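Containing mmCIF, C-alpha atoms and all ligand atoms: my_file_31.cif.
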```
data_data
loop_
_atom_site.label_atom_id
_atom_site.label_comp_id
_atom_site.auth_asym_id
_atom_site.auth_seq_id
_atom_site.Cartn_x
_atom_site.Cartn_y
_atom_site.Cartn_z
CA MET A 8 0.00 0.00 0.00
CA LEU A 9 2.96 2.30 0.65
CA ALA A 10 4.42 1.32 -2.72
CA ALA A 11 1.09 2.04 -4.44
CA SER A 12 1.01 5.54 -2.94
CA ALA A 13 4.64 6.13 -3.92
CA SER A 14 4.07 5.16 -7.52
CA LEU A 15 1.35 7.84 -7.86
CA LEU A 16 3.87 10.48 -6.83
CA ASN A 17 6.72 9.16 -9.03
CA ILE A 18 8.69 8.32 -5.89
CA PRO A 19 11.02 5.43 -6.75
CA ILE A 20 10.92 2.71 -4.11
CA VAL A 21 13.38 -0.10 -3.47
CA ILE A 22 12.05 -2.93 -1.31
CA LEU A 23 13.87 -5.34 0.98
CA ASP A 24 11.86 -8.52 1.49
CA VAL A 25 12.21 -12.22 0.82
CA GLY A 26 11.51 -13.38 -2.74
CA ASP A 27 10.96 -11.69 -6.09
CA ASP A 28 7.20 -11.94 -5.68
CA ALA A 29 7.01 -10.34 -2.19
CA PRO A 30 3.75 -8.34 -2.01
CA ALA A 31 5.30 -4.86 -2.28
CA LYS A 32 7.52 -5.95 -5.19
CA GLN A 33 4.37 -6.88 -7.11
CA ILE A 34 3.44 -3.19 -7.06
CA VAL A 35 6.68 -1.56 -8.27
CA ALA A 36 8.85 -3.29 -10.82
CA ARG A 37 12.52 -2.27 -10.88
CA PRO A 38 14.90 -2.73 -13.80
CA PRO A 39 17.74 -5.18 -13.01
CA ALA A 40 20.24 -2.33 -12.71
CA ASP A 41 18.61 -1.08 -9.51
CA ALA A 42 16.60 -4.09 -8.51
CA HIS A 43 14.86 -4.69 -5.19
CA VAL A 44 16.79 -6.50 -2.47
CA ASP A 45 16.05 -10.18 -1.87
CA GLY A 46 16.43 -11.07 1.79
CA SER A 47 15.20 -10.63 5.32
CA PHE A 48 14.59 -7.29 7.01
CA SER A 49 16.49 -8.70 9.98
CA ASP A 50 19.63 -9.57 7.97
CA PRO A 51 22.33 -6.89 8.58
CA GLU A 52 23.98 -7.44 5.18
CA LYS A 53 20.68 -7.01 3.35
CA ILE A 54 19.83 -3.86 5.28
CA ARG A 55 23.25 -2.44 4.31
CA GLU A 56 22.58 -3.40 0.67
CA LEU A 57 19.23 -1.59 0.77
CA ALA A 58 20.73 1.47 2.50
CA ALA A 59 23.34 1.79 -0.24
CA LYS A 60 20.55 2.11 -2.83
CA VAL A 61 18.33 4.76 -1.22
CA ASP A 62 18.29 8.30 0.18
CA VAL A 63 15.58 7.69 2.79
CA LEU A 64 14.95 4.37 4.54
CA THR A 65 11.71 3.54 6.31
CA VAL A 66 10.30 0.38 7.88
CA GLU A 67 6.88 -1.24 7.90
CA ILE A 68 7.65 -3.55 10.78
CA GLU A 69 9.44 -2.81 14.04
CA HIS A 70 11.12 -6.20 14.43
CA VAL A 71 14.24 -5.07 12.55
CA ASP A 72 17.92 -4.94 13.46
CA VAL A 73 18.14 -1.46 15.02
CA ASP A 74 21.91 -1.51 15.49
CA VAL A 75 22.30 -1.84 11.73
CA LEU A 76 19.84 0.99 11.13
CA ASP A 77 21.96 3.14 13.44
CA GLU A 78 25.08 2.10 11.56
CA VAL A 79 23.73 2.81 8.06
CA GLN A 80 22.44 6.17 9.18
CA LYS A 81 26.01 7.05 10.16
CA THR A 82 28.01 5.38 7.42
CA HIS A 83 25.79 5.31 4.34
CA HIS A 84 24.50 8.89 4.69
CA VAL A 85 20.95 7.62 4.50
CA VAL A 86 18.14 9.14 6.57
CA VAL A 87 16.14 6.58 8.59
CA HIS A 88 12.53 7.33 9.61
CA PRO A 89 11.27 6.87 12.22
CA SER A 90 14.57 7.19 14.05
CA PRO A 91 16.30 3.95 15.11
CA SER A 92 16.08 5.13 18.74
CA THR A 93 12.28 5.16 18.44
CA ILE A 94 12.19 1.68 16.91
CA ARG A 95 14.48 0.42 19.69
CA ILE A 96 12.06 1.66 22.36
CA ILE A 97 8.97 0.34 20.59
CA GLN A 98 10.24 -3.12 19.65
CA ASP A 99 10.53 -4.01 23.34
CA LYS A 100 6.95 -3.60 24.56
CA PHE A 101 7.98 -3.35 28.22
CA ARG A 102 10.59 -0.71 27.49
CA GLN A 103 7.91 1.10 25.48
CA LYS A 104 5.55 1.02 28.49
CA GLU A 105 8.29 2.38 30.77
CA HIS A 106 9.06 5.11 28.25
CA LEU A 107 5.41 6.15 27.93
CA GLN A 108 4.96 6.20 31.68
CA ALA A 109 8.12 8.27 32.17
CA HIS A 110 6.80 10.78 29.62
CA GLY A 111 3.45 11.21 31.31
CA SER A 112 1.30 9.00 29.06
CA PRO A 113 -1.30 6.93 30.93
CA VAL A 114 -0.64 3.16 30.65
CA ALA A 115 -1.72 -0.04 32.41
CA ALA A 116 0.38 -1.04 35.43
CA SER A 117 3.03 -3.54 34.35
CA LEU A 118 6.12 -5.33 35.59
CA SER A 119 8.94 -7.40 34.17
CA VAL A 120 8.55 -11.15 34.83
CA GLU A 121 11.14 -13.93 34.87
CA SER A 122 10.19 -17.02 32.87
CA SER A 123 9.14 -19.16 35.82
CA VAL A 124 5.87 -20.33 37.36
CA GLU A 125 6.81 -18.66 40.66
CA ALA A 126 7.43 -15.31 39.00
CA ILE A 127 4.05 -15.46 37.23
CA HIS A 128 2.36 -16.25 40.54
CA ALA A 129 4.12 -13.29 42.16
CA ALA A 130 3.05 -11.00 39.29
CA ALA A 131 -0.55 -12.18 39.68
CA GLN A 132 -0.32 -11.42 43.38
CA ARG A 133 0.66 -7.84 42.60
CA LEU A 134 -1.50 -7.12 39.54
CA GLY A 135 -4.43 -9.51 40.10
CA LEU A 136 -6.19 -12.06 37.88
CA PRO A 137 -6.84 -12.25 35.05
CA LEU A 138 -3.28 -11.24 34.23
CA MET A 139 -2.14 -10.27 30.73
CA LEU A 140 1.23 -11.94 30.21
CA LYS A 141 3.10 -10.59 27.18
CA ALA A 142 6.32 -11.29 25.33
CA LYS A 143 8.46 -8.15 25.40
CA THR A 144 9.77 -8.72 21.89
CA LEU A 145 8.73 -10.06 18.48
CA ALA A 146 5.04 -9.70 19.29
CA TYR A 147 2.32 -8.96 16.75
CA ASP A 148 -1.32 -9.90 16.14
CA GLY A 149 -1.59 -11.07 19.74
CA ARG A 150 0.90 -13.89 19.14
CA GLY A 151 2.94 -12.74 22.12
CA ASN A 152 0.00 -12.50 24.54
CA PHE A 153 -1.40 -15.02 27.00
CA VAL A 154 -4.29 -14.31 29.36
CA VAL A 155 -3.62 -16.04 32.69
CA ARG A 156 -7.07 -16.52 34.21
CA GLU A 157 -6.02 -18.92 36.96
CA LEU A 158 -2.67 -19.52 38.62
CA SER A 159 -2.75 -23.11 37.35
CA GLN A 160 -2.23 -21.79 33.78
CA ALA A 161 1.25 -20.42 34.52
CA GLN A 162 3.11 -23.35 32.94
CA GLU A 163 0.84 -23.32 29.89
CA ALA A 164 1.58 -19.60 29.48
CA LEU A 165 5.34 -20.21 29.64
CA THR A 166 5.10 -22.94 27.02
CA PHE A 167 2.95 -20.76 24.73
CA LEU A 168 5.19 -17.70 24.95
CA GLY A 169 8.38 -19.73 24.44
CA ASP A 170 11.80 -18.38 25.34
CA ARG A 171 11.06 -14.70 24.75
CA PRO A 172 11.55 -12.26 27.66
CA LEU A 173 8.24 -11.59 29.42
CA TYR A 174 6.33 -8.90 31.26
CA ALA A 175 2.91 -8.77 32.85
CA GLU A 176 0.20 -6.14 32.49
CA LYS A 177 -2.76 -5.47 34.68
CA TRP A 178 -5.94 -6.69 33.00
CA ILE A 179 -7.91 -3.72 31.63
CA PRO A 180 -11.69 -4.31 31.43
CA PHE A 181 -12.02 -1.66 28.70
CA ALA A 182 -15.36 -0.35 27.46
CA MET A 183 -13.91 0.07 23.98
CA GLU A 184 -10.63 -0.02 22.09
CA ILE A 185 -9.83 3.09 20.10
CA ALA A 186 -6.96 4.18 17.88
CA VAL A 187 -5.55 7.32 16.33
CA MET A 188 -3.05 7.60 13.49
CA VAL A 189 -0.64 10.47 14.11
CA VAL A 190 1.64 11.83 11.40
CA ARG A 191 4.72 13.89 12.19
CA THR A 192 6.90 15.93 9.85
CA VAL A 193 10.70 16.11 9.97
CA SER A 194 10.38 19.46 11.73
CA GLY A 195 8.22 17.87 14.46
CA ASP A 196 4.73 19.13 13.62
CA VAL A 197 2.02 16.54 14.30
CA GLN A 198 -1.46 16.01 12.92
CA SER A 199 -3.87 13.35 14.10
CA TYR A 200 -6.43 11.47 12.05
CA PRO A 201 -9.97 10.95 13.37
CA VAL A 202 -10.42 8.64 16.36
CA VAL A 203 -11.61 5.17 15.35
CA GLU A 204 -13.11 2.23 17.21
CA THR A 205 -11.18 -1.02 16.80
CA ILE A 206 -12.66 -4.44 17.52
CA HIS A 207 -10.26 -7.31 18.13
CA LYS A 208 -11.11 -10.99 17.93
CA ASP A 209 -8.69 -13.43 19.56
CA ASN A 210 -6.23 -10.53 20.04
CA VAL A 211 -6.25 -9.74 16.30
CA CYS A 212 -7.77 -6.64 14.75
CA HIS A 213 -11.08 -7.66 13.18
CA LEU A 214 -13.01 -4.43 12.46
CA VAL A 215 -12.35 -0.71 12.50
CA PHE A 216 -15.16 1.87 12.52
CA ALA A 217 -14.48 5.47 11.50
CA PRO A 218 -15.44 7.87 12.81
CA LEU A 219 -15.90 6.80 16.42
CA ARG A 220 -19.42 7.40 17.78
CA SER A 221 -19.60 8.44 21.40
CA ARG A 222 -21.98 10.31 23.66
CA ASP A 223 -18.97 11.91 25.33
CA PRO A 224 -18.39 15.16 23.40
CA THR A 225 -14.87 15.49 24.89
CA LEU A 226 -13.66 12.03 23.91
CA SER A 227 -12.36 12.75 20.43
CA ALA A 228 -10.23 15.72 21.47
CA ARG A 229 -8.98 13.89 24.56
CA ALA A 230 -8.00 10.77 22.62
CA ARG A 231 -6.21 12.79 19.95
CA GLY A 232 -4.42 14.71 22.71
CA VAL A 233 -3.24 11.50 24.38
CA ALA A 234 -2.08 10.05 21.05
CA GLU A 235 -0.25 13.21 19.98
CA LYS A 236 1.51 13.53 23.33
CA ALA A 237 2.66 9.90 23.18
CA VAL A 238 4.05 10.36 19.66
CA GLN A 239 5.76 13.62 20.64
CA SER A 240 7.78 11.68 23.22
CA LEU A 241 9.44 9.75 20.36
CA HIS A 242 11.81 10.89 17.61
CA GLY A 243 11.55 10.72 13.85
CA ALA A 244 9.08 11.51 11.11
CA GLY A 245 6.28 9.45 9.65
CA VAL A 246 3.02 7.87 10.65
CA PHE A 247 2.45 6.28 14.07
CA GLY A 248 -0.55 4.15 15.06
CA VAL A 249 -1.57 4.71 18.69
CA GLU A 250 -3.76 1.96 20.19
CA MET A 251 -5.70 2.96 23.29
CA PHE A 252 -8.16 1.56 25.82
CA LEU A 253 -11.24 3.58 26.74
CA LEU A 254 -12.39 2.73 30.26
CA GLU A 255 -15.97 2.75 31.52
CA ASP A 256 -15.35 6.01 33.42
CA GLY A 257 -14.05 7.78 30.29
CA GLN A 258 -10.36 7.46 31.18
CA ILE A 259 -7.97 6.67 28.32
CA LEU A 260 -4.87 4.43 28.55
CA VAL A 261 -2.28 3.95 25.81
CA ASN A 262 -1.97 0.25 24.91
CA GLU A 263 0.88 0.47 22.41
CA ILE A 264 2.32 2.46 19.52
CA ALA A 265 3.24 1.21 16.08
CA PRO A 266 6.02 3.34 14.52
CA ARG A 267 4.60 2.97 10.99
CA PRO A 268 1.37 2.85 8.99
CA HIS A 269 -0.99 0.59 10.91
CA ASN A 270 -3.92 -1.75 10.37
CA SER A 271 -6.23 0.62 12.25
CA GLY A 272 -5.37 3.26 9.63
CA HIS A 273 -6.18 1.25 6.50
CA TYR A 274 -9.59 2.93 6.36
CA THR A 275 -7.82 6.22 5.51
CA ILE A 276 -7.17 5.00 1.96
CA GLU A 277 -10.82 5.37 0.98
CA ALA A 278 -12.24 7.41 3.85
CA CYS A 279 -9.79 10.31 4.34
CA GLU A 280 -8.54 13.08 2.11
CA THR A 281 -4.99 11.71 2.34
CA SER A 282 -4.21 8.09 3.18
CA GLN A 283 -1.85 7.12 6.00
CA TYR A 284 0.54 5.75 3.37
CA GLU A 285 0.70 8.93 1.33
CA ASN A 286 1.12 11.04 4.45
CA HIS A 287 3.87 8.71 5.69
CA LEU A 288 5.76 9.32 2.45
CA ARG A 289 5.09 13.05 2.53
CA ALA A 290 6.29 13.22 6.14
CA ILE A 291 9.55 11.32 5.69
CA LEU A 292 10.40 13.12 2.43
CA GLY A 293 9.76 16.61 3.76
CA LEU A 294 6.78 17.23 1.47
CA PRO A 295 3.72 19.15 2.71
CA LEU A 296 1.31 16.91 4.64
CA GLY A 297 -2.12 16.26 3.16
CA SER A 298 -5.39 16.79 5.02
CA VAL A 299 -6.18 14.06 7.53
CA ALA A 300 -9.92 14.82 7.49
CA LEU A 301 -12.58 12.25 6.71
CA LYS A 302 -14.14 12.69 3.29
CA VAL A 303 -17.08 10.32 3.81
CA PRO A 304 -19.73 10.35 6.56
CA SER A 305 -19.12 6.76 7.62
CA SER A 306 -16.68 3.91 6.99
CA ALA A 307 -15.58 0.52 8.26
CA MET A 308 -12.59 -1.72 7.61
CA LEU A 309 -12.85 -5.50 7.84
CA ASN A 310 -9.72 -7.66 7.92
CA ILE A 311 -9.67 -10.78 5.79
CA LEU A 312 -7.89 -13.47 7.80
CA GLY A 313 -7.07 -16.85 6.33
CA ALA A 314 -9.28 -19.63 7.66
CA SER A 315 -7.09 -22.47 6.37
CA ASN A 316 -4.50 -22.87 3.61
CA ASP A 317 -7.23 -22.87 1.01
CA MET A 318 -6.71 -19.77 -1.14
CA SER A 319 -10.04 -20.30 -2.95
CA GLU A 320 -11.95 -19.20 0.17
CA LEU A 321 -10.38 -15.78 -0.25
CA THR A 322 -11.26 -15.61 -3.92
CA SER A 323 -14.91 -16.33 -3.30
CA PHE A 324 -15.08 -13.87 -0.42
CA ALA A 325 -13.48 -11.18 -2.58
CA ALA A 326 -15.93 -11.93 -5.39
CA LEU A 327 -18.82 -11.36 -2.98
CA ALA A 328 -17.25 -8.14 -1.67
CA LEU A 329 -17.04 -6.81 -5.23
CA THR A 330 -20.86 -6.86 -5.38
CA VAL A 331 -21.21 -4.62 -2.31
CA PRO A 332 -21.61 -0.91 -3.15
CA GLY A 333 -18.98 1.29 -1.52
CA ALA A 334 -16.70 -1.67 -0.75
CA SER A 335 -13.03 -1.57 -1.80
CA VAL A 336 -11.20 -4.89 -1.78
CA HIS A 337 -7.49 -5.10 -0.97
CA LEU A 338 -5.79 -8.47 -1.40
CA TYR A 339 -2.15 -8.44 -0.37
CA GLY A 340 -0.70 -10.89 -2.86
CA LYS A 341 0.76 -13.18 -0.21
CA ALA A 342 1.87 -16.46 -1.75
CA ALA A 343 0.31 -18.76 0.86
CA CYS A 344 -2.84 -18.64 2.94
CA ARG A 345 -2.75 -19.82 6.56
CA LYS A 346 -5.23 -19.85 9.40
CA GLY A 347 -5.17 -16.46 11.14
CA ARG A 348 -2.86 -14.80 8.58
CA LYS A 349 -3.86 -11.32 7.39
CA MET A 350 -4.50 -11.85 3.68
CA GLY A 351 -6.29 -8.60 2.84
CA HIS A 352 -9.01 -6.24 3.95
CA VAL A 353 -12.19 -4.59 2.73
CA THR A 354 -13.12 -0.98 3.41
CA VAL A 355 -16.76 0.04 3.15
CA VAL A 356 -17.79 3.69 2.87
CA ALA A 357 -21.35 5.02 3.10
CA ASP A 358 -23.48 8.10 3.66
CA SER A 359 -24.57 7.02 7.14
CA ASP A 360 -23.70 4.47 9.83
CA ALA A 361 -26.92 2.62 9.02
CA ALA A 362 -26.01 2.35 5.34
CA ARG A 363 -22.46 1.29 6.25
CA ASP A 364 -23.75 -1.43 8.58
CA ALA A 365 -26.14 -2.70 5.89
CA ARG A 366 -23.22 -2.92 3.44
CA LEU A 367 -21.05 -4.65 6.01
CA GLN A 368 -23.65 -7.24 6.93
CA PRO A 369 -23.25 -9.63 3.94
CA LEU A 370 -19.46 -9.44 4.29
CA LEU A 371 -19.55 -10.40 7.97
CA ALA A 372 -21.94 -13.23 7.15
CA HIS A 373 -19.60 -14.75 4.55
CA LEU A 374 -16.13 -14.33 6.03
CA PRO A 375 -13.70 -17.17 5.22
CA GLY A 376 -14.13 -19.84 7.87
CA GLY A 377 -17.70 -18.85 8.74
CA ALA A 378 -19.72 -15.84 9.89
CA ALA A 379 -18.16 -13.40 12.35
P1 LIG B 1 -0.52 -5.71 17.33
O1 LIG B 1 -0.81 -6.68 16.25
O2 LIG B 1 -1.53 -4.58 17.40
O3 LIG B 1 0.90 -5.23 17.38
P2 LIG B 1 0.14 -7.11 19.76
O4 LIG B 1 0.40 -8.52 19.43
O5 LIG B 1 1.32 -6.23 20.01
O6 LIG B 1 -0.84 -6.46 18.72
P3 LIG B 1 -1.38 -6.04 22.00
O7 LIG B 1 -1.78 -4.84 21.27
O8 LIG B 1 -0.51 -5.88 23.18
O9 LIG B 1 -0.77 -7.18 21.06
O10 LIG B 1 -2.70 -6.81 22.48
C1 LIG B 1 -3.63 -7.31 21.54
C2 LIG B 1 -5.03 -7.15 22.08
O11 LIG B 1 -5.13 -7.84 23.33
C3 LIG B 1 -5.41 -5.71 22.40
O12 LIG B 1 -5.82 -5.03 21.24
C4 LIG B 1 -6.53 -5.96 23.41
O13 LIG B 1 -7.72 -6.39 22.76
C5 LIG B 1 -5.99 -7.13 24.22
N1 LIG B 1 -5.21 -6.64 25.37
C6 LIG B 1 -3.91 -6.26 25.38
N2 LIG B 1 -3.48 -5.86 26.58
C7 LIG B 1 -4.54 -5.99 27.41
C8 LIG B 1 -4.75 -5.74 28.81
N3 LIG B 1 -3.77 -5.29 29.61
N4 LIG B 1 -5.99 -5.98 29.31
C9 LIG B 1 -6.99 -6.44 28.51
N5 LIG B 1 -6.86 -6.71 27.21
C10 LIG B 1 -5.66 -6.48 26.64
MG MG B 2 1.99 -4.68 18.90
MG MG B 3 -1.74 -4.06 19.42
#
```
Rewrite the structure of this file - the entire thing - as structure tokens.
Ligand code: ATP
Ligand code: MG
Ligand code: MG
Amino acid sequence: MLAASASLLNIPIVILDVGDDAPAKQIVARPPADAHVDGSFSDPEKIRELAAKVDVLTVEIEHVDVDVLDEVQKTHHVVVHPSPSTIRIIQDKFRQKEHLQAHGSPVAASLSVESSVEAIHAAAQRLGLPLMLKAKTLAYDGRGNFVVRELSQAQEALTFLGDRPLYAEKWIPFAMEIAVMVVRTVSGDVQSYPVVETIHKDNVCHLVFAPLRSRDPTLSARARGVAEKAVQSLHGAGVFGVEMFLLEDGQILVNEIAPRPHNSGHYTIEACETSQYENHLRAILGLPLGSVALKVPSSAMLNILGASNDMSELTSFAALALTVPGASVHLYGKAACRKGRKMGHVTVVADSDAARDARLQPLLAHLPGGAA
């Protein structure tokens, strides 16, 4: 999606990812002379190879080798956005929590936990049950989270989370999950997109509704304020996705920040005057930012997750989505389908929430793997 936005602005993009048919490489072809890089975003040599080919380097995942990003920024005279120091803080979710807390952002109580049954019991003693046990590193789509409901699950949690370093968070019985995309220019100005409601299923983003409907007239400004403040505590330009919990009493807590375009901002492609991808490019290249305002009264984004390794389920779902007015289908071109893998999404726009919900209904009823 970033590559698609870049191609509209004649911005040449070189991509580092595994394989010649990696999704982003399907969007921008490069002549052999300045071809894309074939390799892993965690391979230092490949990152150096990419850095040597570009003026500005950005990431779409935070699980990268930050030391190498630091190095190429110094030795290859390439600008890295967001700054490696920001990625270093964010890629360790516990360090991120400590950073946010130290900078005055409201977060759930948390503590570092050794990988032992006793340590989990002690954490539960301090933070209560249920306890949200999380891997500090390499976590995404809830794959680093385990909800400990009873002390007897401690061993199961350790087995599930493997040998990654762990921390525990107090369980937050949120009324709603909300998110704000914030974009920051190289000179530090920030703008925030509308507040959205996000609905997760099994720890994975399922639906996003934009704009957020609330009876609290102060909520939108408060949530944008919290998100902007959190982003201002970090360095570097680009788009940041700020996930937050809204509590029953109206209080807002920051859950986590993604230092990049984010799933909860996919709706901006069809629903806002400038998409998160285009504004990410504009921000990191020093171009004027585009308006972050909504351009439709109502929108929703539905993730398409694989139900099995049967690709044909996706094809038939996409064919149905094409018959829904106001629906835009995005399939990511991933080579293999797997249960729980994000394979694409659909954004629905409409003149009212009622019309949006009516358009969404047949899609929810026919999701791969059965109705939502
Ligand atoms: P992402 O794919 O967004 O990076 P992640 O794997 O880093 O996700 P989190 O955002 O930490 O995981 O958690 C995933 C979901 O789990 C949250 O969106 C929320 O629904 C739930 N969750 C996380 N932390 C808590 C908590 N402390 N209390 C209650 N629910 C939580
Ligand atoms: Mg995360
Ligand atoms: Mg998250």
One decimal, in Å: what's the spacing between atom CA of A:Ala164 and atom CA of A:Ile179?
18.6 Å
Please provide as a PDB file with C-alpha atoms, keeping the file's coordinate frame all residues within 8 Å of stretch 11-20 of chain A, with the sequence filter that same-chain residues fewer than 4 positions apart are discarded (counting only C-alpha atoms).
```
ATOM      1  CA  ILE A  34       3.440  -3.190  -7.060  1.00  0.00           C
ATOM      2  CA  VAL A  35       6.680  -1.560  -8.270  1.00  0.00           C
ATOM      3  CA  TYR A 284       0.540   5.750   3.370  1.00  0.00           C
ATOM      4  CA  GLU A 285       0.700   8.930   1.330  1.00  0.00           C
ATOM      5  CA  LEU A 288       5.760   9.320   2.450  1.00  0.00           C
TER       6      LEU A 288
END
```
Any idea what the distance is between atom CA of A:Ser47 and atom CA of A:Asp99?
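Those two atoms sit 19.8 Å apart.
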What's the 10 Å shell around A:Gln283, counting all atoms listed in the file, without same-chain residues fewer than 6 positions away, as a VMD selection string?
chain A and resid 8 to 9 12 188 to 190 200 245 to 248 267 to 269 272 to 276 289 297 299
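Pairwise distance (atom C2 of ligand LIG 1 (chain B), atom CA of A:Phe153) equals 10.0 Å.
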Tell me which protein, DNA and RNA residues are within 7 Å of A:Asn210, counting all atoms listed in the file, leaving out same-chain ones fewer than 2 positions away, and put them as a ChimeraX atom specification.
/A:148-149,207-208,212
Add whatever atoms are absent from stretch 351-370 of chain A to reach N, CA and C atoms, and provide the output as a compact mmCIF listing (two decimals), in the coordinates of the input.
```
# COMPACT_ATOMS: atom_id res chain seq x y z
N GLY A 351 -5.77 -9.77 3.52
CA GLY A 351 -6.29 -8.60 2.84
C GLY A 351 -7.27 -7.89 3.74
N HIS A 352 -7.95 -6.89 3.19
CA HIS A 352 -9.01 -6.24 3.95
C HIS A 352 -10.01 -5.62 2.99
N VAL A 353 -11.17 -5.28 3.52
CA VAL A 353 -12.19 -4.59 2.73
C VAL A 353 -12.57 -3.33 3.49
N THR A 354 -12.61 -2.20 2.79
CA THR A 354 -13.12 -0.98 3.41
C THR A 354 -14.45 -0.64 2.78
N VAL A 355 -15.42 -0.32 3.62
CA VAL A 355 -16.76 0.04 3.15
C VAL A 355 -17.00 1.50 3.52
N VAL A 356 -17.41 2.30 2.57
CA VAL A 356 -17.79 3.69 2.87
C VAL A 356 -19.27 3.86 2.57
N ALA A 357 -19.91 4.81 3.29
CA ALA A 357 -21.35 5.02 3.10
C ALA A 357 -21.74 6.40 3.60
N ASP A 358 -22.98 6.78 3.28
CA ASP A 358 -23.48 8.10 3.66
C ASP A 358 -23.94 8.18 5.11
N SER A 359 -24.13 7.03 5.75
CA SER A 359 -24.57 7.02 7.14
C SER A 359 -24.08 5.74 7.80
N ASP A 360 -24.09 5.70 9.12
CA ASP A 360 -23.70 4.47 9.83
C ASP A 360 -24.65 3.33 9.48
N ALA A 361 -25.94 3.67 9.33
CA ALA A 361 -26.92 2.62 9.02
C ALA A 361 -26.62 2.00 7.66
N ALA A 362 -26.32 2.86 6.69
CA ALA A 362 -26.01 2.35 5.34
C ALA A 362 -24.71 1.54 5.36
N ARG A 363 -23.74 2.02 6.12
CA ARG A 363 -22.46 1.29 6.25
C ARG A 363 -22.70 -0.10 6.85
N ASP A 364 -23.50 -0.15 7.92
CA ASP A 364 -23.75 -1.43 8.58
C ASP A 364 -24.49 -2.39 7.65
N ALA A 365 -25.40 -1.84 6.84
CA ALA A 365 -26.14 -2.70 5.89
C ALA A 365 -25.18 -3.27 4.85
N ARG A 366 -24.21 -2.45 4.43
CA ARG A 366 -23.22 -2.92 3.44
C ARG A 366 -22.25 -3.94 4.04
N LEU A 367 -21.99 -3.76 5.33
CA LEU A 367 -21.05 -4.65 6.01
C LEU A 367 -21.66 -6.03 6.28
N GLN A 368 -22.96 -6.03 6.47
CA GLN A 368 -23.65 -7.24 6.93
C GLN A 368 -23.35 -8.48 6.07
N PRO A 369 -23.53 -8.41 4.72
CA PRO A 369 -23.25 -9.63 3.94
C PRO A 369 -21.78 -10.05 4.00
N LEU A 370 -20.89 -9.09 4.20
CA LEU A 370 -19.46 -9.44 4.29
C LEU A 370 -19.19 -10.21 5.58
```
